[in-house]
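Okay, coords-v3.txt is below, compact mmCIF, C-alpha atoms:
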# COMPACT_ATOMS: atom_id res chain seq x y z
CA MET A 1 -89.02 29.23 -49.94
CA ALA A 2 -88.47 32.77 -48.67
CA GLY A 3 -88.99 33.27 -44.96
CA LYS A 4 -88.84 29.62 -43.98
CA LYS A 5 -86.58 28.52 -41.16
CA VAL A 6 -84.31 25.55 -41.80
CA LEU A 7 -82.25 23.65 -39.24
CA ILE A 8 -79.46 21.37 -40.50
CA VAL A 9 -78.29 18.86 -37.90
CA TYR A 10 -74.85 17.96 -39.21
CA ALA A 11 -72.61 15.17 -37.88
CA HIS A 12 -69.27 14.67 -39.58
CA GLN A 13 -65.73 15.25 -38.38
CA GLU A 14 -64.21 16.52 -41.64
CA PRO A 15 -65.46 19.78 -43.25
CA ARG A 16 -63.81 18.85 -46.56
CA SER A 17 -65.65 15.50 -46.81
CA LEU A 18 -68.55 14.84 -49.17
CA ASN A 19 -70.78 15.31 -46.14
CA GLY A 20 -69.26 18.75 -45.66
CA SER A 21 -69.95 19.62 -49.31
CA LEU A 22 -73.55 18.43 -49.04
CA LYS A 23 -74.04 20.64 -46.00
CA ASP A 24 -72.41 23.66 -47.69
CA VAL A 25 -74.51 23.30 -50.81
CA ALA A 26 -77.69 23.10 -48.71
CA VAL A 27 -76.79 26.26 -46.78
CA ALA A 28 -76.05 28.05 -50.07
CA GLU A 29 -79.15 26.93 -51.98
CA LEU A 30 -81.60 27.46 -49.11
CA SER A 31 -80.13 30.85 -48.18
CA GLN A 32 -80.45 31.88 -51.81
CA GLN A 33 -84.13 30.92 -51.64
CA GLY A 34 -84.48 33.41 -48.80
CA CYS A 35 -84.67 30.86 -45.98
CA SER A 36 -82.87 31.49 -42.72
CA VAL A 37 -80.57 28.52 -42.21
CA ILE A 38 -79.02 27.35 -38.93
CA VAL A 39 -76.46 24.54 -38.75
CA SER A 40 -76.01 22.46 -35.61
CA ASP A 41 -72.52 21.06 -36.26
CA LEU A 42 -72.52 18.33 -33.61
CA TYR A 43 -68.84 17.35 -33.79
CA ALA A 44 -67.65 20.97 -33.83
CA MET A 45 -69.92 21.69 -30.86
CA ASN A 46 -68.58 18.59 -29.12
CA PHE A 47 -72.24 17.77 -28.48
CA GLU A 48 -72.75 15.40 -25.53
CA PRO A 49 -74.41 12.20 -26.81
CA ARG A 50 -74.60 10.37 -23.46
CA ALA A 51 -77.98 10.39 -21.74
CA THR A 52 -77.06 10.93 -18.10
CA GLY A 53 -78.13 12.77 -14.97
CA LYS A 54 -76.07 15.74 -16.16
CA ASP A 55 -78.88 16.50 -18.61
CA ILE A 56 -81.04 17.56 -15.67
CA THR A 57 -80.19 20.65 -13.65
CA GLY A 58 -81.38 21.14 -10.08
CA THR A 59 -82.71 18.35 -7.90
CA LEU A 60 -83.89 15.03 -9.26
CA SER A 61 -87.44 13.95 -8.58
CA ASN A 62 -86.17 10.55 -7.35
CA PRO A 63 -82.43 10.72 -6.59
CA GLY A 64 -82.43 7.17 -5.16
CA PHE A 65 -83.53 5.55 -8.42
CA PHE A 66 -82.49 7.36 -11.58
CA ASN A 67 -84.98 6.87 -14.41
CA TYR A 68 -83.78 8.93 -17.37
CA GLY A 69 -87.16 9.08 -19.13
CA VAL A 70 -89.08 10.15 -16.04
CA GLU A 71 -86.50 12.73 -14.93
CA ALA A 72 -86.08 14.20 -18.42
CA HIS A 73 -89.85 14.52 -18.84
CA LYS A 74 -90.24 16.31 -15.50
CA ALA A 75 -87.23 18.54 -16.21
CA TYR A 76 -88.70 19.39 -19.62
CA LYS A 77 -91.92 20.58 -17.96
CA LYS A 78 -90.00 22.54 -15.29
CA GLN A 79 -87.59 23.91 -17.93
CA SER A 80 -84.69 22.51 -15.95
CA LEU A 81 -83.03 20.51 -18.70
CA SER A 82 -79.39 21.42 -19.34
CA SER A 83 -78.80 24.43 -21.56
CA ASP A 84 -77.30 22.48 -24.49
CA ILE A 85 -80.51 20.43 -24.79
CA ILE A 86 -82.82 23.43 -24.37
CA GLU A 87 -80.97 25.28 -27.13
CA GLU A 88 -81.34 22.40 -29.60
CA GLN A 89 -85.02 21.96 -28.68
CA LYS A 90 -85.60 25.65 -29.36
CA LYS A 91 -84.00 25.37 -32.79
CA LEU A 92 -86.17 22.33 -33.56
CA GLN A 93 -89.38 24.02 -32.43
CA GLU A 94 -88.71 27.08 -34.55
CA ALA A 95 -87.71 25.23 -37.72
CA ASP A 96 -90.08 24.68 -40.65
CA LEU A 97 -87.74 22.08 -42.12
CA VAL A 98 -85.12 19.97 -40.37
CA ILE A 99 -82.37 18.27 -42.32
CA PHE A 100 -80.49 15.63 -40.38
CA GLN A 101 -77.23 15.01 -42.09
CA GLY A 102 -74.31 12.76 -41.37
CA LYS A 103 -73.13 9.23 -41.74
CA LEU A 104 -76.05 6.96 -41.07
CA ALA A 105 -78.25 9.76 -39.91
CA ILE A 106 -81.52 10.72 -41.51
CA LEU A 107 -82.77 12.30 -44.69
CA SER A 108 -79.40 13.29 -46.15
CA LEU A 109 -76.74 10.72 -45.47
CA THR A 110 -73.68 9.11 -46.97
CA THR A 111 -72.91 5.41 -46.67
CA GLY A 112 -69.73 3.39 -46.45
CA GLY A 113 -71.03 0.89 -49.01
CA THR A 114 -72.28 1.03 -52.59
CA ALA A 115 -75.95 1.04 -53.60
CA SER A 116 -75.86 -2.67 -54.50
CA MET A 117 -74.53 -3.52 -51.03
CA PHE A 118 -77.62 -1.77 -49.66
CA SER A 119 -80.11 -3.65 -51.85
CA LYS A 120 -82.46 -6.38 -50.60
CA THR A 121 -79.99 -9.11 -51.57
CA GLY A 122 -76.87 -7.10 -50.75
CA VAL A 123 -74.65 -7.72 -47.74
CA ASN A 124 -76.24 -4.84 -45.78
CA GLY A 125 -79.82 -5.49 -46.89
CA ASP A 126 -82.12 -2.79 -48.19
CA PHE A 127 -81.07 0.70 -47.06
CA ARG A 128 -84.62 1.23 -45.83
CA TYR A 129 -84.08 -1.42 -43.14
CA PHE A 130 -81.53 0.67 -41.26
CA LEU A 131 -83.65 3.79 -41.62
CA TRP A 132 -86.48 2.19 -39.63
CA PRO A 133 -85.29 2.92 -36.07
CA LEU A 134 -84.27 6.51 -36.83
CA GLN A 135 -86.70 7.63 -39.49
CA HIS A 136 -89.78 5.82 -38.19
CA GLY A 137 -88.90 5.17 -34.55
CA THR A 138 -87.59 8.68 -33.91
CA LEU A 139 -88.72 11.22 -36.54
CA HIS A 140 -92.16 9.84 -37.34
CA PHE A 141 -92.72 9.05 -33.64
CA CYS A 142 -91.91 12.67 -32.78
CA GLY A 143 -94.50 13.88 -35.24
CA PHE A 144 -92.31 14.84 -38.19
CA LYS A 145 -93.57 14.45 -41.71
CA VAL A 146 -90.69 12.65 -43.32
CA LEU A 147 -89.44 13.40 -46.82
CA ALA A 148 -87.73 10.68 -48.84
CA PRO A 149 -84.11 10.36 -47.76
CA GLN A 150 -81.27 11.67 -49.89
CA ILE A 151 -78.68 8.92 -49.88
CA SER A 152 -75.24 9.42 -51.38
CA PHE A 153 -73.92 5.89 -51.67
CA GLY A 154 -70.27 5.06 -51.12
CA PRO A 155 -68.48 8.36 -51.84
CA GLU A 156 -65.19 6.79 -50.81
CA MET A 157 -65.50 4.25 -53.62
CA ALA A 158 -66.83 6.73 -56.18
CA SER A 159 -64.87 8.81 -58.66
CA GLU A 160 -64.41 12.55 -58.17
CA GLU A 161 -66.90 13.08 -60.98
CA GLU A 162 -69.50 10.86 -59.33
CA ARG A 163 -69.04 12.72 -56.06
CA LYS A 164 -69.64 16.00 -57.85
CA ARG A 165 -72.83 14.53 -59.30
CA MET A 166 -73.96 13.56 -55.79
CA VAL A 167 -73.53 17.14 -54.56
CA ALA A 168 -75.16 18.59 -57.68
CA SER A 169 -78.11 16.21 -57.39
CA TRP A 170 -78.69 17.30 -53.77
CA ALA A 171 -78.46 20.98 -54.77
CA GLN A 172 -80.94 20.33 -57.58
CA ARG A 173 -83.38 18.56 -55.31
CA LEU A 174 -83.27 21.40 -52.77
CA LYS A 175 -84.62 23.79 -55.41
CA THR A 176 -88.02 22.12 -55.26
CA LEU A 177 -87.89 20.46 -51.84
CA TRP A 178 -90.83 22.51 -50.58
CA GLU A 179 -93.12 20.96 -53.18
CA GLU A 180 -92.38 17.36 -52.19
CA GLU A 181 -94.96 15.12 -50.55
CA PRO A 182 -93.83 13.25 -47.41
CA ILE A 183 -93.41 9.50 -47.63
CA GLN A 184 -95.95 7.12 -46.13
CA CYS A 185 -93.82 6.39 -43.07
CA SER A 186 -95.17 2.93 -42.20
CA PRO A 187 -93.86 -0.67 -42.44
CA PRO A 188 -94.66 -1.22 -46.15
CA TRP A 189 -92.32 1.65 -47.12
CA TYR A 190 -89.51 -0.09 -45.25
CA PHE A 191 -90.15 -3.79 -45.65
CA GLY A 192 -92.48 -4.12 -48.62
CA GLN A 193 -95.65 -6.14 -48.42
CA MET B 1 -69.34 -23.73 -18.61
CA ALA B 2 -66.25 -23.82 -16.40
CA GLY B 3 -63.23 -21.98 -17.72
CA LYS B 4 -65.10 -19.88 -20.29
CA LYS B 5 -64.56 -16.14 -20.40
CA VAL B 6 -67.63 -13.94 -20.54
CA LEU B 7 -67.76 -10.20 -21.22
CA ILE B 8 -70.94 -8.31 -20.33
CA VAL B 9 -71.19 -4.91 -22.03
CA TYR B 10 -73.67 -3.13 -19.81
CA ALA B 11 -75.26 0.25 -20.51
CA HIS B 12 -77.74 1.57 -17.96
CA GLN B 13 -77.54 4.50 -15.57
CA GLU B 14 -79.35 2.95 -12.60
CA PRO B 15 -77.90 -0.12 -10.82
CA ARG B 16 -81.27 -0.80 -9.13
CA SER B 17 -83.16 -0.98 -12.45
CA LEU B 18 -84.37 -4.20 -14.05
CA ASN B 19 -81.34 -3.91 -16.33
CA GLY B 20 -79.14 -3.86 -13.24
CA SER B 21 -80.86 -6.98 -11.89
CA LEU B 22 -80.44 -8.80 -15.21
CA LYS B 23 -76.73 -7.97 -15.18
CA ASP B 24 -76.33 -9.09 -11.55
CA VAL B 25 -78.10 -12.38 -12.15
CA ALA B 26 -75.89 -13.06 -15.19
CA VAL B 27 -72.71 -12.39 -13.19
CA ALA B 28 -73.95 -14.68 -10.41
CA GLU B 29 -75.12 -17.56 -12.60
CA LEU B 30 -72.11 -17.56 -14.95
CA SER B 31 -69.61 -17.22 -12.08
CA GLN B 32 -71.30 -20.14 -10.39
CA GLN B 33 -70.77 -22.15 -13.57
CA GLY B 34 -67.05 -21.48 -13.21
CA CYS B 35 -66.82 -18.83 -15.93
CA SER B 36 -64.69 -15.75 -15.41
CA VAL B 37 -66.99 -12.80 -15.92
CA ILE B 38 -65.98 -9.22 -16.74
CA VAL B 39 -68.48 -6.35 -16.84
CA SER B 40 -67.86 -3.24 -18.95
CA ASP B 41 -70.23 -0.81 -17.22
CA LEU B 42 -70.26 1.90 -19.88
CA TYR B 43 -72.10 4.61 -17.94
CA ALA B 44 -70.05 4.04 -14.78
CA MET B 45 -66.86 4.17 -16.90
CA ASN B 46 -68.13 7.34 -18.56
CA PHE B 47 -67.20 5.60 -21.81
CA GLU B 48 -66.63 8.04 -24.70
CA PRO B 49 -69.18 7.28 -27.45
CA ARG B 50 -68.06 10.00 -29.91
CA ALA B 51 -65.89 8.83 -32.81
CA THR B 52 -63.30 11.59 -33.07
CA GLY B 53 -59.60 12.20 -33.68
CA LYS B 54 -59.04 11.73 -29.93
CA ASP B 55 -59.39 7.99 -30.53
CA ILE B 56 -56.04 8.05 -32.33
CA THR B 57 -52.81 8.77 -30.46
CA GLY B 58 -49.71 10.09 -32.19
CA THR B 59 -49.71 11.64 -35.64
CA LEU B 60 -52.54 11.18 -38.11
CA SER B 61 -51.77 9.65 -41.47
CA ASN B 62 -53.57 12.54 -43.19
CA PRO B 63 -54.02 15.48 -40.81
CA GLY B 64 -55.42 17.70 -43.59
CA PHE B 65 -58.41 15.46 -44.26
CA PHE B 66 -59.67 13.47 -41.32
CA ASN B 67 -61.21 10.14 -42.35
CA TYR B 68 -62.20 8.29 -39.19
CA GLY B 69 -62.34 4.83 -40.78
CA VAL B 70 -58.94 5.15 -42.48
CA GLU B 71 -57.20 6.65 -39.44
CA ALA B 72 -58.73 4.13 -37.01
CA HIS B 73 -57.71 1.22 -39.23
CA LYS B 74 -54.10 2.44 -39.48
CA ALA B 75 -53.98 3.19 -35.77
CA TYR B 76 -55.31 -0.31 -35.05
CA LYS B 77 -52.46 -1.83 -37.03
CA LYS B 78 -49.87 0.43 -35.38
CA GLN B 79 -51.47 -0.15 -31.95
CA SER B 80 -51.88 3.57 -31.56
CA LEU B 81 -55.58 3.69 -30.77
CA SER B 82 -56.43 5.37 -27.49
CA SER B 83 -56.10 3.21 -24.38
CA ASP B 84 -59.85 3.06 -23.61
CA ILE B 85 -60.50 1.47 -27.02
CA ILE B 86 -57.55 -0.92 -26.82
CA GLU B 87 -58.73 -2.14 -23.43
CA GLU B 88 -62.24 -2.89 -24.70
CA GLN B 89 -60.87 -4.62 -27.81
CA LYS B 90 -58.69 -6.82 -25.61
CA LYS B 91 -61.68 -7.85 -23.51
CA LEU B 92 -63.62 -8.68 -26.69
CA GLN B 93 -60.80 -10.71 -28.19
CA GLU B 94 -60.38 -12.79 -25.04
CA ALA B 95 -64.08 -13.46 -24.46
CA ASP B 96 -65.77 -16.73 -25.44
CA LEU B 97 -69.19 -15.15 -25.00
CA VAL B 98 -70.17 -11.49 -25.15
CA ILE B 99 -73.43 -10.26 -23.69
CA PHE B 100 -74.42 -6.79 -24.75
CA GLN B 101 -76.95 -5.49 -22.34
CA GLY B 102 -78.79 -2.25 -22.05
CA LYS B 103 -81.78 -0.37 -23.36
CA LEU B 104 -82.06 -1.05 -27.04
CA ALA B 105 -78.73 -2.84 -27.20
CA ILE B 106 -78.24 -6.43 -28.22
CA LEU B 107 -78.97 -9.90 -26.96
CA SER B 108 -80.26 -8.93 -23.53
CA LEU B 109 -82.30 -5.77 -23.57
CA THR B 110 -85.27 -4.10 -22.01
CA THR B 111 -87.78 -2.01 -23.92
CA GLY B 112 -89.90 1.00 -23.11
CA GLY B 113 -92.95 -0.60 -24.74
CA THR B 114 -94.94 -3.78 -24.27
CA ALA B 115 -94.60 -6.87 -26.43
CA SER B 116 -97.71 -6.03 -28.45
CA MET B 117 -96.30 -2.59 -29.27
CA PHE B 118 -93.31 -4.41 -30.75
CA SER B 119 -95.37 -6.78 -32.91
CA LYS B 120 -95.67 -6.53 -36.71
CA THR B 121 -98.86 -4.50 -36.42
CA GLY B 122 -97.84 -2.62 -33.27
CA VAL B 123 -96.83 1.02 -33.16
CA ASN B 124 -93.11 0.16 -33.08
CA GLY B 125 -93.29 -2.70 -35.57
CA ASP B 126 -91.70 -6.10 -34.98
CA PHE B 127 -88.88 -5.96 -32.41
CA ARG B 128 -86.67 -7.73 -34.92
CA TYR B 129 -86.76 -4.66 -37.16
CA PHE B 130 -84.81 -2.50 -34.74
CA LEU B 131 -82.36 -5.32 -34.06
CA TRP B 132 -81.26 -5.35 -37.71
CA PRO B 133 -78.67 -2.53 -37.65
CA LEU B 134 -77.07 -3.65 -34.39
CA GLN B 135 -77.43 -7.41 -34.43
CA HIS B 136 -76.88 -7.96 -38.16
CA GLY B 137 -75.05 -4.78 -39.20
CA THR B 138 -72.65 -4.80 -36.27
CA LEU B 139 -72.43 -8.18 -34.52
CA HIS B 140 -72.92 -10.49 -37.51
CA PHE B 141 -70.76 -8.19 -39.66
CA CYS B 142 -67.96 -8.44 -37.09
CA GLY B 143 -68.08 -12.23 -37.22
CA PHE B 144 -70.09 -13.00 -34.11
CA LYS B 145 -72.39 -15.97 -34.01
CA VAL B 146 -75.54 -14.42 -32.64
CA LEU B 147 -77.77 -16.13 -30.10
CA ALA B 148 -81.47 -15.27 -29.97
CA PRO B 149 -81.97 -12.03 -28.06
CA GLN B 150 -83.36 -11.98 -24.55
CA ILE B 151 -85.96 -9.26 -24.53
CA SER B 152 -87.64 -8.10 -21.35
CA PHE B 153 -90.58 -6.09 -22.61
CA GLY B 154 -91.82 -3.00 -20.81
CA PRO B 155 -90.58 -3.50 -17.23
CA GLU B 156 -91.90 -0.05 -16.32
CA MET B 157 -95.42 -1.13 -17.19
CA ALA B 158 -95.12 -4.58 -15.63
CA SER B 159 -95.96 -5.64 -12.09
CA GLU B 160 -93.24 -6.42 -9.55
CA GLU B 161 -94.10 -10.10 -9.98
CA GLU B 162 -93.73 -9.93 -13.74
CA ARG B 163 -90.37 -8.19 -13.36
CA LYS B 164 -89.21 -10.97 -11.05
CA ARG B 165 -90.29 -13.50 -13.67
CA MET B 166 -88.21 -11.64 -16.29
CA VAL B 167 -85.10 -11.86 -14.13
CA ALA B 168 -85.78 -15.50 -13.26
CA SER B 169 -86.33 -16.40 -16.89
CA TRP B 170 -82.97 -14.86 -17.86
CA ALA B 171 -81.24 -16.71 -14.99
CA GLN B 172 -82.89 -19.94 -16.12
CA ARG B 173 -81.82 -19.47 -19.72
CA LEU B 174 -78.21 -18.80 -18.70
CA LYS B 175 -78.02 -22.29 -17.19
CA THR B 176 -78.06 -23.85 -20.63
CA LEU B 177 -76.89 -20.94 -22.78
CA TRP B 178 -73.82 -22.86 -23.94
CA GLU B 179 -75.97 -25.49 -25.63
CA GLU B 180 -77.94 -23.03 -27.75
CA GLU B 181 -77.58 -22.84 -31.51
CA PRO B 182 -77.02 -19.38 -33.00
CA ILE B 183 -79.83 -17.85 -35.05
CA GLN B 184 -79.66 -17.68 -38.83
CA CYS B 185 -78.70 -14.04 -38.89
CA SER B 186 -80.05 -13.07 -42.32
CA PRO B 187 -82.99 -11.01 -43.64
CA PRO B 188 -85.68 -13.74 -43.28
CA TRP B 189 -85.08 -13.88 -39.49
CA TYR B 190 -85.77 -10.14 -39.33
CA PHE B 191 -88.33 -9.46 -42.00
CA GLY B 192 -89.91 -12.82 -42.79
CA GLN B 193 -90.30 -13.97 -46.34
Rewrite the structure of this file - the entire thing - as structure tokens.
Amino acid sequence: MAGKKVLIVYAHQEPRSLNGSLKDVAVAELSQQGCSVIVSDLYAMNFEPRATGKDITGTLSNPGFFNYGVEAHKAYKKQSLSSDIIEEQKKLQEADLVIFQGKLAILSLTTGGTASMFSKTGVNGDFRYFLWPLQHGTLHFCGFKVLAPQISFGPEMASEEERKRMVASWAQRLKTLWEEEPIQCSPPWYFGQ
Amino acid sequence: MAGKKVLIVYAHQEPRSLNGSLKDVAVAELSQQGCSVIVSDLYAMNFEPRATGKDITGTLSNPGFFNYGVEAHKAYKKQSLSSDIIEEQKKLQEADLVIFQGKLAILSLTTGGTASMFSKTGVNGDFRYFLWPLQHGTLHFCGFKVLAPQISFGPEMASEEERKRMVASWAQRLKTLWEEEPIQCSPPWYFGQ
């Protein structure tokens, strides 16, 4: 939708992977719609995933007993978080739509196993089980309305043609993404009744 | 049990936290039993959590298309993984018991919320839900027999006396840990029937 701001949080090491293609097709389709699209390419940025005292600049509120949650909250209010975090927060605040994409990330993800391996009786259990901590515990908790995830199952085991279908199906879905209703992000969606 | 090797994988920034006390009491109790105890203190080691090409030394099998799983598997067989990974793998292979401990890690963990927040109808849902990806998807998948987790709920909201009880209860359990039966690590344990 023209004028909307989209942030794609992208986490994969190989630009030529299926994940890379899914990201490229999203940038292309959404730009074509007139959205402004920003990609946070976490591996390319060498984004720091460790939660340590380095995330807080200036003096700690209690240097003798480091509590990450307390210090980060105070630093957030004082705007003394490290610049890499502040930049990502700014992108998030400004975005109308956020697409998290990567292996086992949220909303658009690829898996190492096939769809049947991620069914209720499969070796990995229902794919919704592993979405719970991220999609409910993080996104929903942070106030996002969550759209149904786009899962591309087992590209490594799929044929080239199937992989092309996965990319095309994502491109197709993006055409009407703005009309979708969010899921009911509560236990029944994940675990049934 | 005398002679057993125990590895504690510990992930917390503050040695004086409840997590630190739980680790200390485990080292003390298990050493007293005659076990040899090693602690991998991930934050203190500044352990690299990113899965990148730096984990593989020497030449990649396919430098034009980086597939982490493929490259890591080949490097494992050629013993050309980076030294920090090889060292941790060696500790794991030699251990009779592995205790993963940290916020939201496995087996011995502390939470930010109270027990009722981690019940089926609580805001976070049953605590077993968030254990699924780590405890089943990682530990069980890697062939571990999994003991019931030790969860210390909400130390930040608890009184000093309650926190002492949490540490004492962990120390008490460690006395007879070797007699415990592993859980049935399958969907019913996590999601009920």
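Note on identical chains: chain B superimposed on chain A gives 0.0 Å, C-alpha RMSD over every paired atom.
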(request) Rank B:Ile86, B:Val123, B:Leu109, B:Met157 by their smallest atom-to-atom distance to Ser186 (chain A), using only C-alpha atoms, and report the top residue only. (result)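 Ranking B:Ile86, B:Val123, B:Leu109, B:Met157 by distance to Ser186 (chain A), first place goes to B:Val123.
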Which residues of region 147-191 of chain A come within 8 Å of region 10-20 of chain A, and for each one, what is the closest pair of atoms and their distance in Å to one decimal, counting only C-alpha atoms, sorted by chain and residue number, as JSON lines?
{"residue": "A:Pro155", "atom": "CA", "partner": "A:Leu18", "partner_atom": "CA", "distance": 7.0}
{"residue": "A:Arg163", "atom": "CA", "partner": "A:Leu18", "partner_atom": "CA", "distance": 7.2}
{"residue": "A:Val167", "atom": "CA", "partner": "A:Leu18", "partner_atom": "CA", "distance": 7.7}
Kindly provide the residues of chain B that approach chain A to within 6 Å, each paired with its closest atom pair and their distance in Å to one decimal, based on all atoms listed in the file, listed by chain and increasing number, as a Markdown table.
| residue | atom | partner | partner_atom | distance |
| --- | --- | --- | --- | --- |
| B:Glu14 | CA | A:Phe66 | CA | 5.5 |
| B:Phe66 | CA | A:Glu14 | CA | 5.5 |
| B:Phe130 | CA | A:Pro133 | CA | 5.6 |
| B:Pro133 | CA | A:Phe130 | CA | 5.6 |
Using only C-alpha atoms, please write the residues we just selected to a file, as a PDB file, in the coordinates of the input.
ATOM      1  CA  GLU B  14     -79.350   2.950 -12.600  1.00  0.00           C
ATOM      2  CA  PHE B  66     -59.670  13.470 -41.320  1.00  0.00           C
ATOM      3  CA  PHE B 130     -84.810  -2.500 -34.740  1.00  0.00           C
ATOM      4  CA  PRO B 133     -78.670  -2.530 -37.650  1.00  0.00           C
TER       5      PRO B 133
END
(message) Which residues are near Glu181 (chain A)? Cut-off 7 Å, all atoms listed in the file, ignore same chain within fewer than 2 positions. Put them as a ChimeraX atom specification.
(response) /A:147,179,183
(request) Write out as a PyMOL selection string the residues lying within 12 Å of Glu180 (chain B), counting only C-alpha atoms and excluding same-chain residues fewer than 5 positions away. (result) chain B and resi 145-149+173-175
(message) Applying 7 Å and only C-alpha atoms, which residues near region 58-60 of chain A remain after dropping the ones on its own chain fewer than 3 positions away? List them as a list in words.
(response)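 Listing them by chain and then by number gives Pro63, Glu71 and Ser80 of chain A.
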(request) Would you mind reading off the distance between CA of Ala171 (chain B) and CA of Asp24 (chain B), one decimal, in Å? (result)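 Distance between the two atoms: 9.7 Å.
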For Leu22 (chain B), work out the shell of residues within 9 Å, counting all atoms listed in the file and skipping chain neighbours fewer than 6 positions away, then give it as a PDB file with C-alpha atoms, keeping the file's coordinate frame.
ATOM      1  CA  GLN B 101     -76.950  -5.490 -22.340  1.00  0.00           C
ATOM      2  CA  SER B 108     -80.260  -8.930 -23.530  1.00  0.00           C
ATOM      3  CA  MET B 166     -88.210 -11.640 -16.290  1.00  0.00           C
ATOM      4  CA  VAL B 167     -85.100 -11.860 -14.130  1.00  0.00           C
ATOM      5  CA  ALA B 168     -85.780 -15.500 -13.260  1.00  0.00           C
ATOM      6  CA  TRP B 170     -82.970 -14.860 -17.860  1.00  0.00           C
ATOM      7  CA  ALA B 171     -81.240 -16.710 -14.990  1.00  0.00           C
TER       8      ALA B 171
END
(message) Nearest residue to Asp55 (chain B) out of B:Ser36, B:Ser169, B:Ser31, B:Ser83, using all atoms listed in the file?
(response) B:Ser83
(message) From the options A:Met117, A:Leu177, A:Asp96, A:Thr57, which residue's atoms come nearest to Gln79 (chain A), counting only C-alpha atoms?
(response)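 Distance minimum relative to Gln79 (chain A) lands on A:Thr57.
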(message) One decimal, in Å: what's the spacing between CA of Tyr76 (chain B) and CA of Ser61 (chain B)?
(response)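 About the pair CA of Tyr76 (chain B) and CA of Ser61 (chain B): they are 12.4 Å apart.
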(message) With distances taken over all atoms listed in the file, which residue among A:Pro188, A:Gly154, A:Gly143, A:Gly34 lies nearest Thr110 (chain A)?
(response) A:Gly154
Reconstruct region 158-162 of chain A at the level of all heavy atoms, and format the result as a short mmCIF file (atom, residue, chain, number, x, y, z; two decimals), in the coordinates of the input.
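Heads up, here's the output in selection.cif:
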data_model
loop_
_atom_site.label_atom_id
_atom_site.label_comp_id
_atom_site.auth_asym_id
_atom_site.auth_seq_id
_atom_site.Cartn_x
_atom_site.Cartn_y
_atom_site.Cartn_z
N ALA A 158 -66.39 6.08 -54.94
CA ALA A 158 -66.83 6.73 -56.18
C ALA A 158 -65.71 7.60 -56.76
O ALA A 158 -64.75 7.95 -56.05
CB ALA A 158 -68.05 7.59 -55.90
N SER A 159 -65.84 7.92 -58.03
CA SER A 159 -64.87 8.81 -58.66
C SER A 159 -65.17 10.25 -58.26
O SER A 159 -66.27 10.56 -57.77
CB SER A 159 -64.94 8.68 -60.18
OG SER A 159 -66.18 9.19 -60.63
N GLU A 160 -64.21 11.14 -58.47
CA GLU A 160 -64.41 12.55 -58.17
C GLU A 160 -65.63 13.09 -58.93
O GLU A 160 -66.43 13.86 -58.40
CB GLU A 160 -63.15 13.34 -58.55
CG GLU A 160 -63.17 14.80 -58.17
CD GLU A 160 -63.37 15.04 -56.68
OE1 GLU A 160 -63.01 14.18 -55.86
OE2 GLU A 160 -63.94 16.10 -56.33
N GLU A 161 -65.78 12.63 -60.16
CA GLU A 161 -66.90 13.08 -60.98
C GLU A 161 -68.25 12.62 -60.39
O GLU A 161 -69.22 13.37 -60.34
CB GLU A 161 -66.73 12.53 -62.40
CG GLU A 161 -67.66 13.17 -63.41
CD GLU A 161 -67.10 13.01 -64.82
OE1 GLU A 161 -65.87 13.09 -64.97
OE2 GLU A 161 -67.91 12.77 -65.74
N GLU A 162 -68.27 11.37 -59.94
CA GLU A 162 -69.50 10.86 -59.33
C GLU A 162 -69.83 11.63 -58.04
O GLU A 162 -71.00 11.92 -57.77
CB GLU A 162 -69.36 9.36 -59.01
CG GLU A 162 -69.44 8.48 -60.26
CD GLU A 162 -68.99 7.04 -59.98
OE1 GLU A 162 -68.04 6.84 -59.20
OE2 GLU A 162 -69.61 6.12 -60.55
#
